[in-house]
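Contents: one structure, followed by commentary.
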There are 2 protein chains.
Amino acid sequence: MQAVDLAPSAPISADIFRAAMRQFVGTVSLITVGTGDERSGLVATSAGSLSADPPLVLVCVNRQASSWPLFARHAAFGVNFLRPHHRALAERFSGRDGTTGSARYDGADWRTMVTGAPLLKDAAVAFDCELDDMFDKGSHSVVIGRVMGVATAEGEDALVYWRGGYRSLTA
Amino acid sequence: MQAVDLAPSAPISADIFRAAMRQFVGTVSLITVGTGDERSGLVATSAGSLSADPPLVLVCVNRQASSWPLFARHAAFGVNFLRPHHRALAERFSGRDGTTGSARYDGADWRTMVTGAPLLKDAAVAFDCELDDMFDKGSHSVVIGRVMGVATAEGEDALVYWRGGYRSLTA
């Protein structure tokens, strides 16, 4: 199999980087933050495990995202791994249809556990996180959460994003 | 669907955290570091995009990993997204069969691009990274790489790790 060098001797552009990242299979997560009318959130494929002991997760958040200021203000957030039936919810949280802020939460069931961050009731897994640390790199912040609560729901499927579209995985 | 709280009112143990992370669908990457006989590496499901402009990737590396000291020493590493036919290579880099160091590289084809880090020739994507930053959190280091070169190979499949085992994804 022949390798193709996308930019062997030039700086890697954002377009080349994004084209290469199409091969990345990302678990689709809703990142939920805030309370009441100040709830907002985003969809991410960057959330994952950082450390099991202590239990830490991380997610990369664009500093241009409307929900970015809420992480420091509320010092808590949720990471909710999605299932295939959550696809419309993922699209709403991606902001593509223009829905913003707490309106993104309409039509799904939410709960809280320890920190007060909103958690999706039928997520494959919902991690209730206290903000541990945040630091800026490039266009994004790396947001680190200490896991204070975990909820799982029945089911053996997952929603992933790969090659520019959503896909369903079943066990 | 009923949510199950794994530890609603107690600290989250490493076992509970790991059980929940079984629902995470991880792209399988070989993280390659070092040169010649000092080459080593590991398999990770935590590697992904941090920022497109500038192009940055991150991966979480356990500080107990034998290859951990090599990241600072060589200041460069590769992130290689694997295909289904790389499963045996992934298992070798996971260290389960006792193979260590440069012996993990036997039987596959390698190349270099800009930094000198070893890159897998037929990876879905290989990112050639200069070490940008590393910081410690819990048991792991968050290792950040500036992407200096990208190579892709033909093919429309991917290797993922989900629910405790490897799975193949095809387009």
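Chain labels run A, B, ... following the order of the structure tokens; each chain numbers its residues from 1, and ligands are numbered from 1 in the order shown.
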
Chain fit, chain A moved to chain B over all Cα pairs in order, as a compact mmCIF listing (two decimals) with N, CA and C atoms, in the first residue's frame:
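So the final result, stored in result09.txt, reads:
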```txt
# COMPACT_ATOMS: atom_id res chain seq x y z
N MET A 1 -35.90 4.38 29.21
CA MET A 1 -34.68 3.66 29.59
C MET A 1 -34.22 4.14 30.96
N GLN A 2 -33.88 3.20 31.80
CA GLN A 2 -33.56 3.52 33.18
C GLN A 2 -32.05 3.74 33.34
N ALA A 3 -31.67 4.84 33.94
CA ALA A 3 -30.25 5.07 34.21
C ALA A 3 -29.85 4.35 35.48
N VAL A 4 -28.63 3.86 35.51
CA VAL A 4 -28.10 3.18 36.68
C VAL A 4 -26.94 4.01 37.21
N ASP A 5 -27.03 4.40 38.45
CA ASP A 5 -25.96 5.19 39.06
C ASP A 5 -24.93 4.24 39.63
N LEU A 6 -23.71 4.36 39.14
CA LEU A 6 -22.68 3.41 39.56
C LEU A 6 -22.13 3.75 40.94
N ALA A 7 -22.13 4.99 41.30
CA ALA A 7 -21.62 5.39 42.62
C ALA A 7 -22.19 6.74 42.96
N PRO A 8 -23.47 6.77 43.26
CA PRO A 8 -24.14 8.06 43.39
C PRO A 8 -23.64 8.91 44.56
N SER A 9 -23.12 8.28 45.58
CA SER A 9 -22.79 9.10 46.75
C SER A 9 -21.43 8.72 47.34
N ALA A 10 -20.57 8.11 46.53
CA ALA A 10 -19.25 7.72 47.02
C ALA A 10 -18.20 8.17 46.01
N PRO A 11 -16.93 8.26 46.40
CA PRO A 11 -15.89 8.59 45.41
C PRO A 11 -15.91 7.53 44.29
N ILE A 12 -15.63 7.95 43.07
CA ILE A 12 -15.62 7.04 41.93
C ILE A 12 -14.29 6.29 41.95
N SER A 13 -14.37 4.97 42.07
CA SER A 13 -13.15 4.16 42.09
C SER A 13 -12.61 3.98 40.67
N ALA A 14 -11.34 3.58 40.59
CA ALA A 14 -10.74 3.31 39.28
C ALA A 14 -11.50 2.19 38.56
N ASP A 15 -11.98 1.19 39.30
CA ASP A 15 -12.72 0.09 38.67
C ASP A 15 -14.04 0.56 38.06
N ILE A 16 -14.74 1.41 38.78
CA ILE A 16 -16.00 1.94 38.25
C ILE A 16 -15.74 2.80 37.01
N PHE A 17 -14.70 3.61 37.10
CA PHE A 17 -14.35 4.47 35.96
C PHE A 17 -14.03 3.62 34.73
N ARG A 18 -13.21 2.59 34.93
CA ARG A 18 -12.81 1.74 33.79
C ARG A 18 -14.02 1.00 33.22
N ALA A 19 -14.92 0.54 34.08
CA ALA A 19 -16.13 -0.14 33.60
C ALA A 19 -16.96 0.80 32.72
N ALA A 20 -17.09 2.05 33.15
CA ALA A 20 -17.86 3.02 32.36
C ALA A 20 -17.17 3.30 31.03
N MET A 21 -15.83 3.37 31.04
CA MET A 21 -15.09 3.68 29.82
C MET A 21 -15.14 2.56 28.78
N ARG A 22 -15.68 1.38 29.16
CA ARG A 22 -15.88 0.33 28.16
C ARG A 22 -16.82 0.79 27.04
N GLN A 23 -17.67 1.76 27.34
CA GLN A 23 -18.62 2.27 26.33
C GLN A 23 -17.95 3.25 25.37
N PHE A 24 -16.74 3.66 25.68
CA PHE A 24 -16.03 4.61 24.83
C PHE A 24 -15.51 3.89 23.59
N VAL A 25 -15.79 4.46 22.41
CA VAL A 25 -15.29 3.89 21.16
C VAL A 25 -13.99 4.62 20.82
N GLY A 26 -12.88 3.93 20.93
CA GLY A 26 -11.59 4.60 20.73
C GLY A 26 -10.94 4.22 19.42
N THR A 27 -10.53 5.22 18.66
CA THR A 27 -9.64 4.97 17.51
C THR A 27 -8.34 4.42 18.06
N VAL A 28 -7.85 3.34 17.47
CA VAL A 28 -6.63 2.72 17.95
C VAL A 28 -5.43 3.35 17.23
N SER A 29 -4.50 3.91 18.01
CA SER A 29 -3.30 4.53 17.46
C SER A 29 -2.07 3.87 18.02
N LEU A 30 -1.07 3.73 17.17
CA LEU A 30 0.27 3.47 17.69
C LEU A 30 0.94 4.81 17.91
N ILE A 31 1.49 4.97 19.09
CA ILE A 31 2.28 6.16 19.39
C ILE A 31 3.73 5.71 19.34
N THR A 32 4.48 6.27 18.40
CA THR A 32 5.83 5.81 18.12
C THR A 32 6.82 6.89 18.53
N VAL A 33 7.92 6.47 19.16
CA VAL A 33 8.85 7.47 19.70
C VAL A 33 10.25 6.88 19.75
N GLY A 34 11.24 7.72 19.53
CA GLY A 34 12.64 7.28 19.59
C GLY A 34 13.21 6.95 18.23
N THR A 35 14.47 6.57 18.23
CA THR A 35 15.15 6.21 16.98
C THR A 35 16.01 4.97 17.23
N GLY A 36 16.25 4.21 16.15
CA GLY A 36 17.15 3.05 16.21
C GLY A 36 16.79 2.09 17.33
N ASP A 37 17.79 1.68 18.09
CA ASP A 37 17.53 0.71 19.15
C ASP A 37 16.76 1.33 20.31
N GLU A 38 16.71 2.64 20.35
CA GLU A 38 15.96 3.30 21.43
C GLU A 38 14.51 3.59 21.02
N ARG A 39 14.09 3.03 19.90
CA ARG A 39 12.67 3.15 19.55
C ARG A 39 11.81 2.38 20.54
N SER A 40 10.68 2.94 20.89
CA SER A 40 9.66 2.19 21.60
C SER A 40 8.32 2.81 21.23
N GLY A 41 7.30 2.46 21.98
CA GLY A 41 6.00 3.01 21.64
C GLY A 41 4.92 2.30 22.40
N LEU A 42 3.71 2.74 22.19
CA LEU A 42 2.57 2.18 22.92
C LEU A 42 1.34 2.28 22.04
N VAL A 43 0.30 1.58 22.45
CA VAL A 43 -0.98 1.68 21.76
C VAL A 43 -1.90 2.53 22.63
N ALA A 44 -2.67 3.39 22.01
CA ALA A 44 -3.51 4.33 22.76
C ALA A 44 -4.86 4.49 22.07
N THR A 45 -5.87 4.77 22.88
CA THR A 45 -7.16 5.17 22.31
C THR A 45 -7.47 6.63 22.66
N SER A 46 -6.48 7.32 23.19
CA SER A 46 -6.70 8.71 23.64
C SER A 46 -6.19 9.75 22.66
N ALA A 47 -5.54 9.33 21.57
CA ALA A 47 -4.97 10.32 20.65
C ALA A 47 -6.06 10.95 19.80
N GLY A 48 -5.97 12.26 19.61
CA GLY A 48 -6.95 12.94 18.78
C GLY A 48 -6.56 14.38 18.54
N SER A 49 -7.45 15.07 17.88
CA SER A 49 -7.22 16.45 17.49
C SER A 49 -7.40 17.39 18.68
N LEU A 50 -6.50 18.36 18.79
CA LEU A 50 -6.66 19.42 19.79
C LEU A 50 -6.99 20.73 19.11
N SER A 51 -6.34 21.03 17.99
CA SER A 51 -6.51 22.32 17.31
C SER A 51 -6.12 22.12 15.85
N ALA A 52 -6.85 22.76 14.93
CA ALA A 52 -6.51 22.64 13.51
C ALA A 52 -5.57 23.76 13.07
N ASP A 53 -5.64 24.89 13.74
CA ASP A 53 -4.84 26.04 13.33
C ASP A 53 -4.32 26.77 14.56
N PRO A 54 -3.10 26.46 15.02
CA PRO A 54 -2.12 25.55 14.44
C PRO A 54 -2.54 24.09 14.60
N PRO A 55 -1.99 23.18 13.77
CA PRO A 55 -2.36 21.76 13.85
C PRO A 55 -1.69 21.09 15.04
N LEU A 56 -2.51 20.76 16.04
CA LEU A 56 -2.00 20.13 17.27
C LEU A 56 -2.80 18.86 17.54
N VAL A 57 -2.12 17.83 18.00
CA VAL A 57 -2.78 16.62 18.47
C VAL A 57 -2.38 16.39 19.93
N LEU A 58 -3.16 15.59 20.63
CA LEU A 58 -2.77 15.24 21.99
C LEU A 58 -2.98 13.75 22.21
N VAL A 59 -2.23 13.22 23.16
CA VAL A 59 -2.39 11.83 23.58
C VAL A 59 -2.04 11.75 25.07
N CYS A 60 -2.76 10.90 25.79
CA CYS A 60 -2.51 10.73 27.22
C CYS A 60 -1.62 9.49 27.41
N VAL A 61 -0.49 9.67 28.08
CA VAL A 61 0.49 8.60 28.24
C VAL A 61 0.72 8.34 29.73
N ASN A 62 0.54 7.09 30.13
CA ASN A 62 0.79 6.70 31.52
C ASN A 62 2.27 6.92 31.85
N ARG A 63 2.55 7.57 32.96
CA ARG A 63 3.95 7.85 33.30
C ARG A 63 4.71 6.59 33.72
N GLN A 64 3.98 5.48 33.93
CA GLN A 64 4.63 4.19 34.19
C GLN A 64 5.04 3.48 32.89
N ALA A 65 4.59 3.98 31.74
CA ALA A 65 4.91 3.30 30.47
C ALA A 65 6.41 3.38 30.21
N SER A 66 6.97 2.28 29.71
CA SER A 66 8.42 2.24 29.48
C SER A 66 8.85 3.30 28.46
N SER A 67 7.95 3.67 27.57
CA SER A 67 8.33 4.65 26.54
C SER A 67 8.14 6.09 27.00
N TRP A 68 7.55 6.29 28.17
CA TRP A 68 7.26 7.67 28.62
C TRP A 68 8.50 8.59 28.63
N PRO A 69 9.67 8.12 29.14
CA PRO A 69 10.82 9.04 29.16
C PRO A 69 11.30 9.46 27.77
N LEU A 70 10.94 8.69 26.74
CA LEU A 70 11.45 8.97 25.40
C LEU A 70 10.82 10.22 24.77
N PHE A 71 9.62 10.59 25.23
CA PHE A 71 8.96 11.76 24.63
C PHE A 71 9.77 13.03 24.86
N ALA A 72 10.19 13.25 26.09
CA ALA A 72 10.98 14.45 26.39
C ALA A 72 12.38 14.33 25.77
N ARG A 73 12.93 13.11 25.77
CA ARG A 73 14.31 12.94 25.29
C ARG A 73 14.42 13.17 23.79
N HIS A 74 13.41 12.72 23.03
CA HIS A 74 13.48 12.84 21.57
C HIS A 74 12.70 14.04 21.04
N ALA A 75 11.81 14.59 21.86
CA ALA A 75 11.05 15.79 21.50
C ALA A 75 10.29 15.62 20.18
N ALA A 76 9.93 14.39 19.87
CA ALA A 76 9.17 14.11 18.65
C ALA A 76 8.49 12.76 18.83
N PHE A 77 7.38 12.57 18.12
CA PHE A 77 6.69 11.28 18.16
C PHE A 77 5.73 11.18 16.97
N GLY A 78 5.28 9.95 16.71
CA GLY A 78 4.31 9.71 15.66
C GLY A 78 2.98 9.26 16.24
N VAL A 79 1.89 9.66 15.60
CA VAL A 79 0.55 9.16 15.92
C VAL A 79 0.05 8.47 14.66
N ASN A 80 -0.19 7.16 14.75
CA ASN A 80 -0.53 6.35 13.58
C ASN A 80 -1.89 5.69 13.80
N PHE A 81 -2.91 6.16 13.09
CA PHE A 81 -4.25 5.56 13.21
C PHE A 81 -4.24 4.22 12.47
N LEU A 82 -4.70 3.18 13.14
CA LEU A 82 -4.56 1.83 12.60
C LEU A 82 -5.78 1.37 11.81
N ARG A 83 -5.50 0.35 11.00
CA ARG A 83 -6.51 -0.34 10.20
C ARG A 83 -6.74 -1.73 10.81
N PRO A 84 -7.83 -2.40 10.40
CA PRO A 84 -8.10 -3.73 10.95
C PRO A 84 -6.95 -4.72 10.81
N HIS A 85 -6.19 -4.66 9.71
CA HIS A 85 -5.11 -5.64 9.52
C HIS A 85 -3.91 -5.37 10.44
N HIS A 86 -3.97 -4.29 11.21
CA HIS A 86 -2.89 -3.98 12.16
C HIS A 86 -3.14 -4.52 13.56
N ARG A 87 -4.16 -5.33 13.71
CA ARG A 87 -4.54 -5.77 15.04
C ARG A 87 -3.39 -6.46 15.81
N ALA A 88 -2.66 -7.35 15.13
CA ALA A 88 -1.55 -8.04 15.81
C ALA A 88 -0.47 -7.04 16.23
N LEU A 89 -0.25 -6.02 15.38
CA LEU A 89 0.72 -4.98 15.72
C LEU A 89 0.26 -4.19 16.94
N ALA A 90 -1.04 -3.90 16.99
CA ALA A 90 -1.59 -3.20 18.16
C ALA A 90 -1.38 -4.02 19.42
N GLU A 91 -1.60 -5.33 19.31
CA GLU A 91 -1.42 -6.18 20.50
C GLU A 91 0.04 -6.22 20.92
N ARG A 92 0.96 -6.22 19.93
CA ARG A 92 2.38 -6.22 20.28
C ARG A 92 2.76 -4.90 20.99
N PHE A 93 2.28 -3.77 20.47
CA PHE A 93 2.57 -2.48 21.10
C PHE A 93 1.86 -2.31 22.45
N SER A 94 0.84 -3.11 22.70
CA SER A 94 0.18 -3.02 24.01
C SER A 94 1.03 -3.71 25.09
N GLY A 95 2.03 -4.48 24.66
CA GLY A 95 2.94 -5.12 25.61
C GLY A 95 2.40 -6.41 26.20
N ARG A 96 1.22 -6.86 25.75
CA ARG A 96 0.60 -8.05 26.36
C ARG A 96 1.42 -9.31 26.13
N ASP A 97 2.15 -9.38 25.00
CA ASP A 97 2.93 -10.59 24.72
C ASP A 97 4.37 -10.46 25.21
N GLY A 98 4.67 -9.40 25.95
CA GLY A 98 6.01 -9.26 26.55
C GLY A 98 7.05 -8.63 25.65
N THR A 99 6.68 -8.31 24.41
CA THR A 99 7.64 -7.66 23.50
C THR A 99 7.86 -6.22 23.95
N THR A 100 9.13 -5.82 24.04
CA THR A 100 9.43 -4.47 24.52
C THR A 100 10.28 -3.72 23.51
N GLY A 101 10.32 -2.40 23.70
CA GLY A 101 11.25 -1.54 22.98
C GLY A 101 11.19 -1.71 21.47
N SER A 102 12.37 -1.69 20.83
CA SER A 102 12.42 -1.67 19.37
C SER A 102 11.93 -2.96 18.75
N ALA A 103 11.88 -4.05 19.52
CA ALA A 103 11.37 -5.32 18.97
C ALA A 103 9.89 -5.21 18.59
N ARG A 104 9.19 -4.24 19.17
CA ARG A 104 7.79 -4.04 18.79
C ARG A 104 7.64 -3.63 17.32
N TYR A 105 8.73 -3.12 16.74
CA TYR A 105 8.68 -2.62 15.37
C TYR A 105 8.90 -3.71 14.32
N ASP A 106 9.27 -4.92 14.75
CA ASP A 106 9.56 -5.99 13.79
C ASP A 106 8.32 -6.36 12.98
N GLY A 107 8.52 -6.63 11.69
CA GLY A 107 7.46 -7.18 10.86
C GLY A 107 6.48 -6.17 10.31
N ALA A 108 6.77 -4.89 10.45
CA ALA A 108 5.94 -3.86 9.79
C ALA A 108 6.89 -2.88 9.10
N ASP A 109 6.35 -2.08 8.19
CA ASP A 109 7.18 -1.15 7.41
C ASP A 109 7.09 0.26 7.98
N TRP A 110 8.23 0.87 8.16
CA TRP A 110 8.34 2.17 8.83
C TRP A 110 9.04 3.17 7.94
N ARG A 111 8.81 4.41 8.21
CA ARG A 111 9.47 5.50 7.48
C ARG A 111 9.62 6.69 8.41
N THR A 112 10.29 7.72 7.96
CA THR A 112 10.31 8.99 8.68
C THR A 112 9.89 10.09 7.71
N MET A 113 9.52 11.24 8.27
CA MET A 113 9.18 12.38 7.41
C MET A 113 10.06 13.57 7.81
N VAL A 114 9.59 14.38 8.74
CA VAL A 114 10.28 15.62 9.08
C VAL A 114 11.07 15.50 10.38
N THR A 115 10.43 14.98 11.43
CA THR A 115 11.06 15.00 12.76
C THR A 115 12.02 13.84 12.99
N GLY A 116 11.90 12.78 12.20
CA GLY A 116 12.70 11.58 12.44
C GLY A 116 11.98 10.53 13.26
N ALA A 117 10.81 10.84 13.80
CA ALA A 117 10.02 9.83 14.54
C ALA A 117 9.58 8.74 13.57
N PRO A 118 9.57 7.48 14.02
CA PRO A 118 9.14 6.40 13.13
C PRO A 118 7.64 6.48 12.86
N LEU A 119 7.26 6.27 11.60
CA LEU A 119 5.86 6.33 11.19
C LEU A 119 5.51 5.05 10.45
N LEU A 120 4.33 4.53 10.71
CA LEU A 120 3.86 3.28 10.09
C LEU A 120 3.43 3.58 8.65
N LYS A 121 4.04 2.86 7.69
CA LYS A 121 3.84 3.19 6.27
C LYS A 121 2.40 3.08 5.82
N ASP A 122 1.67 2.06 6.26
CA ASP A 122 0.30 1.90 5.76
C ASP A 122 -0.76 2.23 6.81
N ALA A 123 -0.41 3.14 7.75
CA ALA A 123 -1.42 3.64 8.69
C ALA A 123 -2.52 4.37 7.91
N ALA A 124 -3.73 4.38 8.45
CA ALA A 124 -4.80 5.17 7.83
C ALA A 124 -4.34 6.61 7.70
N VAL A 125 -3.79 7.13 8.78
CA VAL A 125 -3.11 8.43 8.79
C VAL A 125 -1.94 8.32 9.74
N ALA A 126 -0.82 8.90 9.36
CA ALA A 126 0.32 9.04 10.27
C ALA A 126 0.62 10.53 10.43
N PHE A 127 0.64 10.96 11.68
CA PHE A 127 0.99 12.35 11.99
C PHE A 127 2.42 12.37 12.53
N ASP A 128 3.27 13.15 11.91
CA ASP A 128 4.65 13.32 12.36
C ASP A 128 4.69 14.57 13.25
N CYS A 129 4.98 14.37 14.54
CA CYS A 129 4.79 15.46 15.52
C CYS A 129 6.07 15.86 16.22
N GLU A 130 6.22 17.14 16.36
CA GLU A 130 7.25 17.73 17.21
C GLU A 130 6.60 17.91 18.58
N LEU A 131 7.32 17.58 19.65
CA LEU A 131 6.74 17.76 20.98
C LEU A 131 6.51 19.24 21.24
N ASP A 132 5.29 19.60 21.57
CA ASP A 132 4.94 21.00 21.84
C ASP A 132 4.90 21.25 23.35
N ASP A 133 4.33 20.31 24.09
CA ASP A 133 4.16 20.50 25.53
C ASP A 133 3.79 19.16 26.15
N MET A 134 4.05 19.04 27.44
CA MET A 134 3.67 17.85 28.21
C MET A 134 3.33 18.33 29.59
N PHE A 135 2.22 17.84 30.15
CA PHE A 135 1.99 18.16 31.55
C PHE A 135 1.32 16.98 32.23
N ASP A 136 1.58 16.87 33.51
CA ASP A 136 1.14 15.71 34.28
C ASP A 136 -0.23 15.97 34.92
N LYS A 137 -1.06 14.92 34.87
CA LYS A 137 -2.37 14.97 35.53
C LYS A 137 -2.69 13.55 35.98
N GLY A 138 -2.96 13.36 37.26
CA GLY A 138 -3.24 12.01 37.75
C GLY A 138 -2.07 11.10 37.40
N SER A 139 -2.37 9.90 36.91
CA SER A 139 -1.34 8.92 36.59
C SER A 139 -0.67 9.16 35.24
N HIS A 140 -1.18 10.10 34.47
CA HIS A 140 -0.77 10.25 33.07
C HIS A 140 -0.12 11.61 32.78
N SER A 141 0.55 11.69 31.65
CA SER A 141 0.94 12.98 31.07
C SER A 141 0.07 13.24 29.85
N VAL A 142 -0.37 14.47 29.71
CA VAL A 142 -0.99 14.90 28.46
C VAL A 142 0.15 15.37 27.56
N VAL A 143 0.35 14.68 26.45
CA VAL A 143 1.46 14.96 25.54
C VAL A 143 0.88 15.64 24.30
N ILE A 144 1.37 16.84 24.00
CA ILE A 144 0.83 17.63 22.90
C ILE A 144 1.87 17.72 21.80
N GLY A 145 1.44 17.42 20.58
CA GLY A 145 2.34 17.44 19.43
C GLY A 145 1.92 18.45 18.39
N ARG A 146 2.90 19.16 17.84
CA ARG A 146 2.68 20.04 16.70
C ARG A 146 2.89 19.21 15.44
N VAL A 147 1.89 19.17 14.57
CA VAL A 147 1.95 18.30 13.39
C VAL A 147 2.84 18.93 12.32
N MET A 148 3.91 18.24 11.99
CA MET A 148 4.89 18.74 11.02
C MET A 148 4.78 18.03 9.68
N GLY A 149 4.15 16.86 9.67
CA GLY A 149 3.97 16.10 8.44
C GLY A 149 2.78 15.17 8.59
N VAL A 150 2.12 14.89 7.48
CA VAL A 150 0.96 13.99 7.47
C VAL A 150 1.11 13.04 6.30
N ALA A 151 0.89 11.76 6.53
CA ALA A 151 0.84 10.79 5.42
C ALA A 151 -0.43 9.98 5.55
N THR A 152 -1.11 9.76 4.44
CA THR A 152 -2.30 8.91 4.44
C THR A 152 -2.05 7.73 3.51
N ALA A 153 -2.79 6.65 3.72
CA ALA A 153 -2.69 5.49 2.83
C ALA A 153 -4.08 5.16 2.32
N GLU A 154 -4.14 4.50 1.18
CA GLU A 154 -5.43 4.11 0.60
C GLU A 154 -6.18 3.19 1.56
N GLY A 155 -7.51 3.15 1.39
CA GLY A 155 -8.29 2.22 2.21
C GLY A 155 -9.40 2.95 2.91
N GLU A 156 -10.45 2.22 3.24
CA GLU A 156 -11.62 2.83 3.88
C GLU A 156 -12.05 1.99 5.05
N ASP A 157 -11.11 1.75 5.96
CA ASP A 157 -11.45 0.98 7.14
C ASP A 157 -10.67 1.52 8.33
N ALA A 158 -11.09 1.12 9.52
CA ALA A 158 -10.45 1.62 10.74
C ALA A 158 -10.56 0.56 11.82
N LEU A 159 -9.60 0.59 12.73
CA LEU A 159 -9.61 -0.31 13.88
C LEU A 159 -10.03 0.50 15.10
N VAL A 160 -11.04 0.00 15.81
CA VAL A 160 -11.46 0.68 17.04
C VAL A 160 -11.42 -0.31 18.21
N TYR A 161 -11.43 0.25 19.39
CA TYR A 161 -11.48 -0.56 20.61
C TYR A 161 -12.74 -0.16 21.36
N TRP A 162 -13.60 -1.15 21.62
CA TRP A 162 -14.92 -0.84 22.22
C TRP A 162 -15.39 -2.05 23.01
N ARG A 163 -15.88 -1.83 24.19
CA ARG A 163 -16.43 -2.88 25.03
C ARG A 163 -15.43 -4.01 25.24
N GLY A 164 -14.17 -3.61 25.47
CA GLY A 164 -13.15 -4.59 25.84
C GLY A 164 -12.51 -5.35 24.72
N GLY A 165 -12.78 -4.98 23.46
CA GLY A 165 -12.15 -5.71 22.36
C GLY A 165 -11.98 -4.86 21.12
N TYR A 166 -11.16 -5.36 20.20
CA TYR A 166 -10.96 -4.68 18.93
C TYR A 166 -12.14 -4.95 18.00
N ARG A 167 -12.50 -3.95 17.18
CA ARG A 167 -13.55 -4.08 16.18
C ARG A 167 -13.06 -3.43 14.89
N SER A 168 -13.60 -3.93 13.78
CA SER A 168 -13.27 -3.34 12.48
C SER A 168 -14.42 -2.46 12.02
N LEU A 169 -14.08 -1.32 11.47
CA LEU A 169 -15.08 -0.44 10.86
C LEU A 169 -14.77 -0.36 9.37
N THR A 170 -15.80 -0.53 8.54
CA THR A 170 -15.60 -0.35 7.11
C THR A 170 -16.61 0.65 6.58
N ALA A 171 -16.21 1.38 5.57
CA ALA A 171 -17.03 2.48 5.05
C ALA A 171 -18.21 1.93 4.23
```

Run DSSP on the backbone and give me the residues of region 48-113 of chain B it puts in alpha helix (DSSP H), as a PyMOL selection string. chain B and resi 68-74+87-93

Using DSSP on the backbone, list every residue of chain B that comes out as strand (DSSP E or B), and give them as a PyMOL selection string. chain B and resi 3-5+26-27+29-33+40-44+48-52+55-62+76-81+110-111+119-120+125-137+140-153+157-162+165-170
